[in-house]
$ cat protein_28.csv   # CSV, C-alpha atoms
chain,number,residue,atom,x,y,z
A,1,MET,CA,355.8,-70.2,-259.0
A,2,ASP,CA,356.2,-73.1,-256.7
A,3,PHE,CA,359.5,-72.7,-254.9
A,4,LYS,CA,360.9,-74.8,-252.3
A,5,LEU,CA,364.1,-74.2,-250.4
A,6,ARG,CA,366.2,-77.3,-250.3
A,7,GLY,CA,367.7,-77.6,-246.9
A,8,LYS,CA,367.8,-74.9,-244.3
A,9,VAL,CA,369.0,-71.4,-244.1
A,10,ILE,CA,370.6,-69.4,-241.2
A,11,PHE,CA,372.0,-66.0,-240.8
A,12,PHE,CA,375.4,-65.5,-239.1
A,13,ALA,CA,375.8,-62.0,-237.6
A,14,THR,CA,379.5,-61.2,-237.9
A,15,ASN,CA,381.9,-58.7,-239.5
A,16,ASN,CA,384.7,-61.3,-239.5
A,17,VAL,CA,385.3,-62.9,-242.9
A,18,HIS,CA,387.6,-65.6,-241.4
A,19,LYS,CA,384.9,-66.7,-238.9
A,20,PHE,CA,382.3,-66.7,-241.6
A,21,ASP,CA,384.4,-68.9,-243.9
A,22,GLU,CA,385.1,-71.4,-241.1
A,23,VAL,CA,381.4,-71.6,-240.2
A,24,ARG,CA,380.2,-71.9,-243.8
A,25,SER,CA,382.6,-74.7,-244.6
A,26,VAL,CA,381.1,-76.7,-241.7
A,27,LEU,CA,377.5,-75.9,-242.4
A,28,VAL,CA,377.6,-76.8,-246.0
A,29,LYS,CA,378.2,-80.4,-245.0
A,30,TYR,CA,374.9,-80.4,-243.2
A,31,GLY,CA,373.0,-78.9,-246.1
A,32,ILE,CA,372.6,-75.6,-244.3
A,33,ALA,CA,373.0,-72.4,-246.3
A,34,VAL,CA,374.4,-69.4,-244.3
A,35,GLY,CA,374.2,-65.7,-245.0
A,36,MET,CA,376.6,-63.2,-243.6
A,37,LEU,CA,374.7,-60.5,-241.7
A,38,ARG,CA,376.9,-57.4,-241.2
A,39,VAL,CA,375.1,-56.1,-238.1
A,40,LYS,CA,377.1,-54.6,-235.2
A,41,ALA,CA,375.7,-56.3,-232.2
A,42,VAL,CA,376.5,-55.1,-228.7
A,43,GLU,CA,378.9,-57.2,-226.8
A,44,ILE,CA,378.9,-57.1,-223.0
A,45,GLN,CA,381.9,-57.4,-220.7
A,46,ASN,CA,381.7,-60.8,-219.1
A,47,GLU,CA,384.0,-63.7,-218.4
A,48,HIS,CA,381.6,-66.2,-219.8
A,49,LEU,CA,381.5,-66.4,-223.5
A,50,SER,CA,378.0,-68.0,-223.5
A,51,LYS,CA,376.6,-65.0,-221.7
A,52,ILE,CA,378.2,-62.6,-224.2
A,53,ALA,CA,376.9,-64.6,-227.1
A,54,GLU,CA,373.4,-64.8,-225.6
A,55,GLU,CA,373.2,-61.0,-225.1
A,56,SER,CA,374.6,-60.3,-228.6
A,57,THR,CA,372.1,-62.6,-230.3
A,58,ARG,CA,369.2,-60.9,-228.6
A,59,ASP,CA,370.6,-57.5,-229.7
A,60,ALA,CA,371.3,-58.6,-233.3
A,61,PHE,CA,367.8,-60.1,-233.6
A,62,SER,CA,366.2,-56.9,-232.3
A,63,ARG,CA,367.9,-55.1,-235.2
A,64,CYS,CA,366.9,-57.4,-238.1
A,65,HIS,CA,364.3,-59.9,-236.9
A,66,LEU,CA,365.8,-62.8,-238.7
A,67,PRO,CA,366.7,-66.2,-237.2
A,68,LEU,CA,370.4,-65.9,-236.6
A,69,ILE,CA,373.5,-67.1,-234.8
A,70,VAL,CA,376.3,-65.1,-233.3
A,71,GLU,CA,379.6,-66.5,-232.1
A,72,ASP,CA,381.9,-65.3,-229.4
A,73,ALA,CA,385.4,-66.8,-229.0
A,74,GLY,CA,388.2,-66.5,-226.4
A,75,LEU,CA,391.7,-67.7,-225.8
A,76,PHE,CA,392.5,-68.7,-222.2
A,77,VAL,CA,396.2,-69.1,-221.3
A,78,GLU,CA,396.6,-71.1,-218.1
A,79,ALA,CA,399.8,-69.4,-216.9
A,80,LEU,CA,398.3,-66.0,-217.5
A,81,ASN,CA,395.2,-66.7,-215.3
A,82,GLY,CA,393.0,-67.0,-218.4
A,83,PHE,CA,394.2,-63.9,-220.2
A,84,PRO,CA,393.3,-62.7,-222.8
A,85,GLY,CA,390.0,-64.6,-222.3
A,86,PRO,CA,387.0,-63.0,-223.9
A,87,TYR,CA,389.0,-59.9,-224.8
A,88,ALA,CA,391.2,-61.8,-227.3
A,89,ALA,CA,390.1,-59.6,-230.2
A,90,TYR,CA,391.0,-56.4,-228.4
A,91,VAL,CA,394.3,-57.8,-227.1
A,92,TYR,CA,395.2,-59.1,-230.6
A,93,LYS,CA,394.6,-55.6,-232.0
A,94,THR,CA,396.7,-53.8,-229.4
A,95,LEU,CA,399.5,-56.3,-228.4
A,96,GLY,CA,399.3,-58.8,-231.2
A,97,ASN,CA,401.1,-62.1,-231.2
A,98,ALA,CA,404.3,-60.4,-230.3
A,99,GLY,CA,402.8,-59.1,-227.1
A,100,LEU,CA,401.4,-62.5,-226.1
A,101,LEU,CA,404.8,-64.1,-226.8
A,102,LYS,CA,406.5,-61.5,-224.7
A,103,LEU,CA,404.2,-62.3,-221.8
A,104,MET,CA,405.1,-66.0,-222.2
A,105,GLU,CA,408.8,-65.5,-222.2
A,106,ASN,CA,410.4,-67.8,-219.7
A,107,VAL,CA,407.1,-69.4,-218.9
A,108,ALA,CA,407.3,-73.2,-218.9
A,109,ASN,CA,403.5,-73.9,-218.7
A,110,ARG,CA,402.3,-73.2,-222.2
A,111,LYS,CA,398.8,-74.7,-221.8
A,112,ALA,CA,396.0,-72.8,-223.5
A,113,LYS,CA,392.6,-73.3,-224.8
A,114,PHE,CA,390.3,-71.6,-227.3
A,115,GLN,CA,386.7,-71.6,-226.5
A,116,SER,CA,383.7,-70.8,-228.7
A,117,ALA,CA,380.1,-70.1,-227.8
A,118,ILE,CA,377.4,-69.9,-230.5
A,119,ALA,CA,374.0,-68.5,-229.7
A,120,TYR,CA,370.9,-69.1,-231.9
A,121,PHE,CA,367.9,-66.8,-231.5
A,122,ASP,CA,364.7,-66.5,-233.4
A,123,GLY,CA,362.7,-64.4,-231.0
A,124,VAL,CA,361.8,-67.0,-228.4
A,125,GLU,CA,364.7,-68.2,-226.2
A,126,PRO,CA,368.5,-68.2,-227.1
A,127,VAL,CA,369.9,-71.7,-227.6
A,128,LEU,CA,373.6,-72.2,-226.9
A,129,PHE,CA,376.3,-74.4,-228.3
A,130,GLU,CA,379.9,-74.5,-227.1
A,131,GLY,CA,383.2,-75.9,-228.3
A,132,GLU,CA,386.8,-76.1,-227.0
A,133,ALA,CA,390.2,-76.7,-228.5
A,134,HIS,CA,393.0,-77.6,-226.1
A,135,GLY,CA,396.6,-76.9,-227.0
A,136,GLU,CA,399.6,-74.7,-226.1
A,137,ILE,CA,401.2,-71.4,-226.9
A,138,ALA,CA,404.1,-71.8,-229.4
A,139,PHE,CA,407.5,-70.2,-228.8
A,140,GLU,CA,407.2,-68.2,-232.0
A,141,GLU,CA,404.7,-67.3,-234.7
A,142,LYS,CA,404.2,-69.9,-237.4
A,143,LYS,CA,402.0,-69.4,-240.4
A,144,LYS,CA,401.6,-70.6,-243.9
A,145,ASN,CA,401.3,-67.1,-245.4
A,146,ALA,CA,400.1,-63.7,-244.4
A,147,LYS,CA,396.5,-64.5,-245.5
A,148,SER,CA,396.3,-67.4,-243.1
A,149,ALA,CA,397.1,-65.2,-240.1
A,150,PHE,CA,393.8,-64.8,-238.2
A,151,GLY,CA,394.2,-63.5,-234.7
A,152,PHE,CA,396.2,-65.7,-232.3
A,153,ASP,CA,396.2,-68.7,-234.7
A,154,PRO,CA,399.9,-68.3,-235.5
A,155,VAL,CA,400.9,-69.0,-231.8
A,156,PHE,CA,398.3,-71.6,-231.0
A,157,LYS,CA,399.2,-75.3,-231.5
A,158,PRO,CA,396.4,-77.8,-230.8
A,159,LEU,CA,397.2,-81.0,-229.0
A,160,ASP,CA,397.9,-83.9,-231.3
A,161,ASP,CA,399.4,-81.8,-234.1
A,162,LYS,CA,402.8,-80.1,-234.6
A,163,ARG,CA,401.4,-77.2,-236.5
A,164,THR,CA,399.7,-74.0,-235.4
A,165,PHE,CA,396.2,-73.2,-236.5
A,166,ALA,CA,397.7,-70.7,-239.0
A,167,GLN,CA,399.7,-73.4,-240.7
A,168,MET,CA,396.6,-75.4,-241.5
A,169,THR,CA,393.9,-75.2,-244.2
A,170,THR,CA,390.4,-74.3,-243.1
A,171,GLU,CA,389.5,-78.0,-243.3
A,172,GLU,CA,392.4,-79.0,-241.2
A,173,LYS,CA,391.8,-76.3,-238.6
A,174,ASN,CA,388.1,-77.3,-238.4
A,175,SER,CA,389.1,-80.8,-237.4
A,176,PHE,CA,390.5,-79.4,-234.2
A,177,SER,CA,388.9,-76.0,-233.6
A,178,HIS,CA,386.6,-74.8,-230.9
A,179,ARG,CA,384.5,-72.9,-233.4
A,180,ALA,CA,384.0,-75.9,-235.7
A,181,ALA,CA,383.1,-78.1,-232.7
A,182,ALA,CA,380.4,-75.6,-231.6
A,183,ILE,CA,379.0,-75.1,-235.1
A,184,ARG,CA,378.7,-78.8,-235.6
A,185,LYS,CA,376.6,-79.1,-232.5
A,186,PHE,CA,374.4,-76.2,-233.7
A,187,ALA,CA,374.1,-77.9,-237.2
A,188,MET,CA,373.0,-81.2,-235.8
A,189,TRP,CA,370.4,-79.5,-233.6
A,190,TYR,CA,369.2,-77.1,-236.4
A,191,LYS,CA,368.7,-79.9,-238.9
A,192,SER,CA,366.5,-81.8,-236.6
A,193,ALA,CA,364.7,-78.8,-235.1
B,1,MET,CA,359.0,-34.1,-187.8
B,2,ASP,CA,360.1,-31.4,-190.2
B,3,PHE,CA,363.2,-32.7,-191.8
B,4,LYS,CA,365.3,-31.0,-194.4
B,5,LEU,CA,368.3,-32.5,-196.1
B,6,ARG,CA,371.2,-30.1,-196.1
B,7,GLY,CA,372.9,-30.2,-199.5
B,8,LYS,CA,372.4,-32.8,-202.1
B,9,VAL,CA,372.5,-36.5,-202.3
B,10,ILE,CA,373.7,-38.8,-205.0
B,11,PHE,CA,374.1,-42.6,-205.4
B,12,PHE,CA,377.2,-44.1,-206.8
B,13,ALA,CA,376.7,-47.5,-208.4
B,14,THR,CA,380.0,-49.4,-207.8
B,15,ASN,CA,381.4,-52.4,-206.0
B,16,ASN,CA,384.8,-50.9,-205.7
B,17,VAL,CA,385.5,-49.4,-202.2
B,18,HIS,CA,388.7,-47.6,-203.5
B,19,LYS,CA,386.7,-45.8,-206.2
B,20,PHE,CA,384.0,-44.9,-203.7
B,21,ASP,CA,386.4,-43.4,-201.2
B,22,GLU,CA,388.0,-41.3,-203.9
B,23,VAL,CA,384.7,-40.0,-205.1
B,24,ARG,CA,383.3,-39.4,-201.6
B,25,SER,CA,386.4,-37.4,-200.6
B,26,VAL,CA,385.8,-35.0,-203.5
B,27,LEU,CA,382.0,-34.7,-203.2
B,28,VAL,CA,382.1,-33.9,-199.5
B,29,LYS,CA,383.9,-30.6,-200.4
B,30,TYR,CA,380.9,-29.7,-202.5
B,31,GLY,CA,378.4,-30.5,-199.8
B,32,ILE,CA,377.2,-33.6,-201.7
B,33,ALA,CA,376.5,-36.7,-199.7
B,34,VAL,CA,377.0,-39.9,-201.6
B,35,GLY,CA,375.7,-43.4,-201.0
B,36,MET,CA,377.3,-46.6,-202.3
B,37,LEU,CA,375.0,-48.6,-204.4
B,38,ARG,CA,376.2,-52.2,-204.8
B,39,VAL,CA,374.3,-52.9,-208.0
B,40,LYS,CA,376.0,-55.0,-210.7
B,41,ALA,CA,375.4,-52.9,-213.8
B,42,VAL,CA,376.1,-54.4,-217.3
B,43,GLU,CA,379.2,-53.1,-218.9
B,44,ILE,CA,379.4,-53.3,-222.7
B,45,GLN,CA,382.6,-53.9,-224.7
B,46,ASN,CA,383.6,-50.6,-226.3
B,47,GLU,CA,386.7,-48.6,-226.7
B,48,HIS,CA,385.0,-45.4,-225.5
B,49,LEU,CA,384.7,-45.2,-221.8
B,50,SER,CA,381.9,-42.6,-222.1
B,51,LYS,CA,379.8,-45.1,-224.1
B,52,ILE,CA,380.4,-47.8,-221.5
B,53,ALA,CA,379.4,-45.5,-218.7
B,54,GLU,CA,376.3,-44.3,-220.5
B,55,GLU,CA,375.0,-47.8,-221.0
B,56,SER,CA,375.9,-48.8,-217.5
B,57,THR,CA,374.1,-45.9,-215.9
B,58,ARG,CA,370.9,-46.8,-217.9
B,59,ASP,CA,371.1,-50.4,-216.8
B,60,ALA,CA,371.8,-49.5,-213.1
B,61,PHE,CA,369.0,-47.0,-213.1
B,62,SER,CA,366.6,-49.6,-214.5
B,63,ARG,CA,367.3,-51.8,-211.5
B,64,CYS,CA,366.9,-49.3,-208.7
B,65,HIS,CA,365.2,-46.1,-210.0
B,66,LEU,CA,367.4,-43.8,-208.0
B,67,PRO,CA,369.3,-40.8,-209.5
B,68,LEU,CA,372.8,-42.2,-209.7
B,69,ILE,CA,376.3,-42.0,-211.2
B,70,VAL,CA,378.5,-44.8,-212.6
B,71,GLU,CA,382.2,-44.4,-213.4
B,72,ASP,CA,384.3,-46.2,-216.0
B,73,ALA,CA,388.0,-45.9,-216.0
B,74,GLY,CA,390.8,-47.1,-218.3
B,75,LEU,CA,394.6,-47.0,-218.6
B,76,PHE,CA,396.0,-46.3,-222.1
B,77,VAL,CA,399.6,-47.0,-222.7
B,78,GLU,CA,400.9,-45.3,-225.8
B,79,ALA,CA,403.6,-47.9,-226.8
B,80,LEU,CA,401.0,-50.7,-226.4
B,81,ASN,CA,398.5,-49.1,-228.8
B,82,GLY,CA,396.3,-48.1,-225.9
B,83,PHE,CA,396.3,-51.4,-224.1
B,84,PRO,CA,394.9,-52.2,-221.6
B,85,GLY,CA,392.4,-49.5,-222.3
B,86,PRO,CA,388.8,-50.0,-221.0
B,87,TYR,CA,389.8,-53.6,-219.9
B,88,ALA,CA,392.2,-52.4,-217.3
B,89,ALA,CA,390.3,-54.2,-214.4
B,90,TYR,CA,390.3,-57.5,-216.2
B,91,VAL,CA,394.0,-57.1,-217.2
B,92,TYR,CA,394.9,-56.2,-213.7
B,93,LYS,CA,393.1,-59.3,-212.4
B,94,THR,CA,394.9,-61.6,-214.8
B,95,LEU,CA,398.3,-60.1,-215.5
B,96,GLY,CA,398.7,-57.7,-212.7
B,97,ASN,CA,401.4,-55.0,-212.5
B,98,ALA,CA,404.0,-57.6,-213.2
B,99,GLY,CA,402.4,-58.4,-216.5
B,100,LEU,CA,402.2,-54.8,-217.6
B,101,LEU,CA,405.9,-54.2,-216.6
B,102,LYS,CA,406.9,-57.3,-218.6
B,103,LEU,CA,405.2,-55.9,-221.7
B,104,MET,CA,407.0,-52.6,-221.1
B,105,GLU,CA,410.5,-54.2,-220.8
B,106,ASN,CA,412.9,-52.5,-223.1
B,107,VAL,CA,410.3,-50.0,-224.2
B,108,ALA,CA,411.6,-46.5,-224.1
B,109,ASN,CA,408.3,-44.7,-224.6
B,110,ARG,CA,406.6,-44.9,-221.2
B,111,LYS,CA,403.8,-42.4,-221.9
B,112,ALA,CA,400.4,-43.4,-220.5
B,113,LYS,CA,397.2,-41.9,-219.4
B,114,PHE,CA,394.3,-42.7,-217.2
B,115,GLN,CA,390.9,-41.7,-218.3
B,116,SER,CA,387.6,-41.6,-216.4
B,117,ALA,CA,384.1,-41.2,-217.6
B,118,ILE,CA,381.2,-40.5,-215.2
B,119,ALA,CA,377.6,-40.8,-216.3
B,120,TYR,CA,374.7,-39.4,-214.3
B,121,PHE,CA,371.2,-40.6,-215.0
B,122,ASP,CA,367.9,-39.9,-213.4
B,123,GLY,CA,365.6,-41.4,-216.0
B,124,VAL,CA,365.8,-38.6,-218.6
B,125,GLU,CA,369.1,-38.4,-220.5
B,126,PRO,CA,372.5,-39.5,-219.3
B,127,VAL,CA,374.9,-36.6,-218.6
B,128,LEU,CA,378.6,-37.3,-219.1
B,129,PHE,CA,381.7,-35.9,-217.4
B,130,GLU,CA,385.3,-36.9,-218.3
B,131,GLY,CA,388.7,-36.5,-216.7
B,132,GLU,CA,392.3,-37.5,-217.7
B,133,ALA,CA,395.6,-37.9,-216.0
B,134,HIS,CA,398.8,-37.9,-218.1
B,135,GLY,CA,401.9,-39.7,-216.9
B,136,GLU,CA,404.1,-42.6,-217.5
B,137,ILE,CA,404.6,-46.3,-216.6
B,138,ALA,CA,407.3,-46.6,-213.9
B,139,PHE,CA,410.1,-49.2,-214.3
B,140,GLU,CA,409.0,-51.0,-211.1
B,141,GLU,CA,406.1,-51.1,-208.7
B,142,LYS,CA,406.1,-48.5,-206.0
B,143,LYS,CA,403.6,-48.2,-203.2
B,144,LYS,CA,403.3,-46.9,-199.6
B,145,ASN,CA,401.9,-50.1,-198.3
B,146,ALA,CA,399.8,-53.1,-199.4
B,147,LYS,CA,396.6,-51.3,-198.6
B,148,SER,CA,397.4,-48.4,-201.0
B,149,ALA,CA,397.7,-50.8,-203.9
B,150,PHE,CA,394.7,-50.2,-206.1
B,151,GLY,CA,394.9,-51.6,-209.6
B,152,PHE,CA,397.7,-50.1,-211.7
B,153,ASP,CA,398.3,-47.2,-209.3
B,154,PRO,CA,401.8,-48.7,-208.2
B,155,VAL,CA,403.1,-48.4,-211.8
B,156,PHE,CA,401.5,-45.1,-212.8
B,157,LYS,CA,403.5,-41.9,-212.2
B,158,PRO,CA,401.6,-38.7,-213.1
B,159,LEU,CA,403.5,-35.8,-214.8
B,160,ASP,CA,404.8,-33.2,-212.3
B,161,ASP,CA,405.4,-35.7,-209.5
B,162,LYS,CA,408.1,-38.3,-208.8
B,163,ARG,CA,405.7,-40.6,-206.9
B,164,THR,CA,403.3,-43.2,-208.3
B,165,PHE,CA,399.6,-42.9,-207.5
B,166,ALA,CA,400.1,-45.7,-204.9
B,167,GLN,CA,402.6,-43.7,-203.0
B,168,MET,CA,400.1,-40.8,-202.4
B,169,THR,CA,397.3,-40.2,-200.0
B,170,THR,CA,393.8,-40.1,-201.4
B,171,GLU,CA,394.0,-36.3,-201.2
B,172,GLU,CA,397.3,-36.1,-203.1
B,173,LYS,CA,396.1,-38.6,-205.7
B,174,ASN,CA,392.9,-36.5,-206.2
B,175,SER,CA,395.0,-33.5,-207.1
B,176,PHE,CA,396.2,-35.4,-210.2
B,177,SER,CA,393.7,-38.1,-210.9
B,178,HIS,CA,391.4,-38.6,-213.9
B,179,ARG,CA,388.6,-39.7,-211.5
B,180,ALA,CA,388.8,-36.7,-209.3
B,181,ALA,CA,388.9,-34.4,-212.4
B,182,ALA,CA,385.7,-36.0,-213.7
B,183,ILE,CA,383.9,-36.0,-210.4
B,184,ARG,CA,384.7,-32.4,-209.8
B,185,LYS,CA,383.0,-31.5,-213.1
B,186,PHE,CA,380.0,-33.6,-212.0
B,187,ALA,CA,379.9,-31.9,-208.6
B,188,MET,CA,379.9,-28.4,-210.0
B,189,TRP,CA,377.1,-29.3,-212.5
B,190,TYR,CA,375.1,-31.2,-209.9
B,191,LYS,CA,375.2,-28.4,-207.3
B,192,SER,CA,373.9,-25.9,-209.8
B,193,ALA,CA,371.4,-28.2,-211.4

$ encode --input "protein_28.csv" --output "structure tokens"
Amino acid sequence: MDFKLRGKVIFFATNNVHKFDEVRSVLVKYGIAVGMLRVKAVEIQNEHLSKIAEESTRDAFSRCHLPLIVEDAGLFVEALNGFPGPYAAYVYKTLGNAGLLKLMENVANRKAKFQSAIAYFDGVEPVLFEGEAHGEIAFEEKKKNAKSAFGFDPVFKPLDDKRTFAQMTTEEKNSFSHRAAAIRKFAMWYKSA
Amino acid sequence: MDFKLRGKVIFFATNNVHKFDEVRSVLVKYGIAVGMLRVKAVEIQNEHLSKIAEESTRDAFSRCHLPLIVEDAGLFVEALNGFPGPYAAYVYKTLGNAGLLKLMENVANRKAKFQSAIAYFDGVEPVLFEGEAHGEIAFEEKKKNAKSAFGFDPVFKPLDDKRTFAQMTTEEKNSFSHRAAAIRKFAMWYKSA
């Protein structure tokens, strides 16, 4: 049978369904099909997301030998010297939004940014793509519904909008988000590669 | 010249002078000489200190090929679901003691523990040694002087003493500390090995 794949395919190594949905909804617009690869890749401790993603993609590739991407994200709060930074997932799990809001009590400077680093690897050299979303830490949690509450989204309000990430649809969040910005850069490169 | 080393020698891969001093002051009692090895070993993200130490010791060894130990420590606060855990150094650097005290405002359960994992590696298989110190988070920072302030020591009060770690001499702290407990286990094993 003569079978030709229309468009391109990529594997995304993640165990996070929210991340996967966000990434898929961007890639579909570029005609790129994406498969979720539930491989547990090593993450190193490092203050640079791109370094973490680069090492993870090498590790994930060594386990499955498929061309793949990994993504590492962080939340950097200016008044907290960049905390929680690359450890946002751990901090969310232990302190939650309530803990972050407590740290921000009586803090006037609410500036924060989300960053995303995506690393592609197919066995040769990792290729990196980065995205940022600037905004501020809200004074209280705001979300559409329980399902929409992914990580610190309920307390992060991007510039140029009154809503937190958790009050937006995936499409709306993608118009602002660090992850969507990074994945769009990847998609443009991957289509032309 | 006929030269014989009296006792044993070990290298400790660390960039932390405080840790090195604590470790040296224990090892000297066992007749073990210790050299400070300023090698930057990779640390992985993991909630188990022993896993972090094990991977670090492999990485450090691959860079210098000397029999060595690495140590990884964490502070686990019960009411904060174990936060800051293995990321204590990063959290100290960004939030400091003030941040931890803010998170503990109006929190009645002050229980906390320091844990230490030491991994020895000489190219064969890592050997692990662990220590713990149980105590509580003080209501304010207490320290002898600026020099004595190492990490979260000014807010950690071990059980069976009224002082924080930062109010003690190295000798006194070693009688309680997680790190000294782990290094004593290593010393007894290393002397007999």

$ residues_around --input "protein_28.csv" --residues "Glu105 of chain B" --least-positions-apart "6" --cutoff "12 Å" --atoms "all atoms listed in the file" --output "number ranges by chain"
A: 99, 102-103, 105; B: 79-80, 98-99, 137-140

$ closest_residue --input "protein_28.csv" --among "A:Asp21, A:Glu130, A:Asp72, A:Glu47" --to "chain B" --atoms "only C-alpha atoms"
A:Glu47

$ interface_residues --input "protein_28.csv" --of "chain B" --to "chain A" --cutoff "9 Å" --atoms "all atoms listed in the file" --output "PyMOL selection string"
chain B and resi 42-46+80-84+87+90-91+93-95+99-100+102-103

$ write_last_selection --input "protein_28.csv" --atoms "C-alpha atoms" --output "mmCIF file, in the frame of the given file"
data_model
loop_
_atom_site.group_PDB
_atom_site.id
_atom_site.type_symbol
_atom_site.label_atom_id
_atom_site.label_comp_id
_atom_site.auth_asym_id
_atom_site.auth_seq_id
_atom_site.Cartn_x
_atom_site.Cartn_y
_atom_site.Cartn_z
ATOM 1 C CA VAL B 42 376.100 -54.400 -217.300
ATOM 2 C CA GLU B 43 379.200 -53.100 -218.900
ATOM 3 C CA ILE B 44 379.400 -53.300 -222.700
ATOM 4 C CA GLN B 45 382.600 -53.900 -224.700
ATOM 5 C CA ASN B 46 383.600 -50.600 -226.300
ATOM 6 C CA LEU B 80 401.000 -50.700 -226.400
ATOM 7 C CA ASN B 81 398.500 -49.100 -228.800
ATOM 8 C CA GLY B 82 396.300 -48.100 -225.900
ATOM 9 C CA PHE B 83 396.300 -51.400 -224.100
ATOM 10 C CA PRO B 84 394.900 -52.200 -221.600
ATOM 11 C CA TYR B 87 389.800 -53.600 -219.900
ATOM 12 C CA TYR B 90 390.300 -57.500 -216.200
ATOM 13 C CA VAL B 91 394.000 -57.100 -217.200
ATOM 14 C CA LYS B 93 393.100 -59.300 -212.400
ATOM 15 C CA THR B 94 394.900 -61.600 -214.800
ATOM 16 C CA LEU B 95 398.300 -60.100 -215.500
ATOM 17 C CA GLY B 99 402.400 -58.400 -216.500
ATOM 18 C CA LEU B 100 402.200 -54.800 -217.600
ATOM 19 C CA LYS B 102 406.900 -57.300 -218.600
ATOM 20 C CA LEU B 103 405.200 -55.900 -221.700
#

$ residues_near_point --input "protein_28.csv" --point "(395.8, -52.0, -210.7)" --cutoff "9 Å" --atoms "all atoms listed in the file" --output "list of chain:residue names"
B:Ala88, B:Ala89, B:Val91, B:Tyr92, B:Lys93, B:Gly96, B:Asn97, B:Ala149, B:Phe150, B:Gly151, B:Phe152, B:Asp153, B:Pro154, B:Val155

$ write_last_selection --input "protein_28.csv" --atoms "C-alpha atoms" --output "mmCIF file, in the coordinates of the input"
data_model
loop_
_atom_site.group_PDB
_atom_site.id
_atom_site.type_symbol
_atom_site.label_atom_id
_atom_site.label_comp_id
_atom_site.auth_asym_id
_atom_site.auth_seq_id
_atom_site.Cartn_x
_atom_site.Cartn_y
_atom_site.Cartn_z
ATOM 1 C CA ALA B 88 392.200 -52.400 -217.300
ATOM 2 C CA ALA B 89 390.300 -54.200 -214.400
ATOM 3 C CA VAL B 91 394.000 -57.100 -217.200
ATOM 4 C CA TYR B 92 394.900 -56.200 -213.700
ATOM 5 C CA LYS B 93 393.100 -59.300 -212.400
ATOM 6 C CA GLY B 96 398.700 -57.700 -212.700
ATOM 7 C CA ASN B 97 401.400 -55.000 -212.500
ATOM 8 C CA ALA B 149 397.700 -50.800 -203.900
ATOM 9 C CA PHE B 150 394.700 -50.200 -206.100
ATOM 10 C CA GLY B 151 394.900 -51.600 -209.600
ATOM 11 C CA PHE B 152 397.700 -50.100 -211.700
ATOM 12 C CA ASP B 153 398.300 -47.200 -209.300
ATOM 13 C CA PRO B 154 401.800 -48.700 -208.200
ATOM 14 C CA VAL B 155 403.100 -48.400 -211.800
#

$ closest_residue --input "protein_28.csv" --among "A:Ala13, A:Val107, A:Met188, A:Ala33" --to "Arg58 of chain A" --atoms "only C-alpha atoms"
A:Ala13

$ closest_residue --input "protein_28.csv" --among "B:Gly7, B:Pro158, B:Pro67, B:Gly74" --to "Gly135 of chain B" --atoms "all atoms listed in the file"
B:Pro158

$ atom_distance --input "protein_28.csv" --atom1 "atom CA of Leu68 of chain B" --atom2 "atom CA of Phe11 of chain B"
4.5 Å

$ atom_distance --input "protein_28.csv" --atom1 "atom CA of Glu54 of chain B" --atom2 "atom CA of Thr169 of chain B"
29.6 Å

$ atom_distance --input "protein_28.csv" --atom1 "atom CA of Val77 of chain B" --atom2 "atom CA of Lys111 of chain B"
6.3 Å

$ residues_around --input "protein_28.csv" --residues "Gln115 of chain B" --least-positions-apart "4" --cutoff "6 Å" --atoms "all atoms listed in the file" --output "ChimeraX atom specification"
/B:73-74,131-132,178

$ residues_near_point --input "protein_28.csv" --point "(401.0, -71.3, -243.4)" --cutoff "7 Å" --atoms "only C-alpha atoms" --output "number ranges by chain"
A: 142-145, 148, 166-168

$ write_last_selection --input "protein_28.csv" --atoms "C-alpha atoms" --output "compact mmCIF listing (two decimals), in the coordinates of the input"
# COMPACT_ATOMS: atom_id res chain seq x y z
CA LYS A 142 404.20 -69.90 -237.40
CA LYS A 143 402.00 -69.40 -240.40
CA LYS A 144 401.60 -70.60 -243.90
CA ASN A 145 401.30 -67.10 -245.40
CA SER A 148 396.30 -67.40 -243.10
CA ALA A 166 397.70 -70.70 -239.00
CA GLN A 167 399.70 -73.40 -240.70
CA MET A 168 396.60 -75.40 -241.50

$ closest_residue --input "protein_28.csv" --among "A:Ile118, A:Val70, A:Ala193, A:Val124" --to "Met36 of chain A" --atoms "only C-alpha atoms"
A:Val70

$ closest_residue --input "protein_28.csv" --among "A:Lys113, A:Arg63, A:Arg184, A:Lys29" --to "Phe76 of chain A" --atoms "only C-alpha atoms"
A:Lys113

$ closest_residue --input "protein_28.csv" --among "B:Tyr120, B:Phe114, B:Phe61, B:Phe129" --to "Phe156 of chain B" --atoms "all atoms listed in the file"
B:Phe114

$ residues_around --input "protein_28.csv" --residues "Lys191 of chain B" --least-positions-apart "6" --cutoff "10 Å" --atoms "only C-alpha atoms" --output "JSON, numbers by chain"
{"B": [7, 8, 9, 30, 31, 32]}

$ residues_around --input "protein_28.csv" --residues "Glu22 of chain A" --least-positions-apart "2" --cutoff "8 Å" --atoms "only C-alpha atoms" --output "list in words"
His18, Lys19, Phe20, Arg24, Ser25, Val26, Thr170, Asn174, Arg179 and Ala180 of chain A
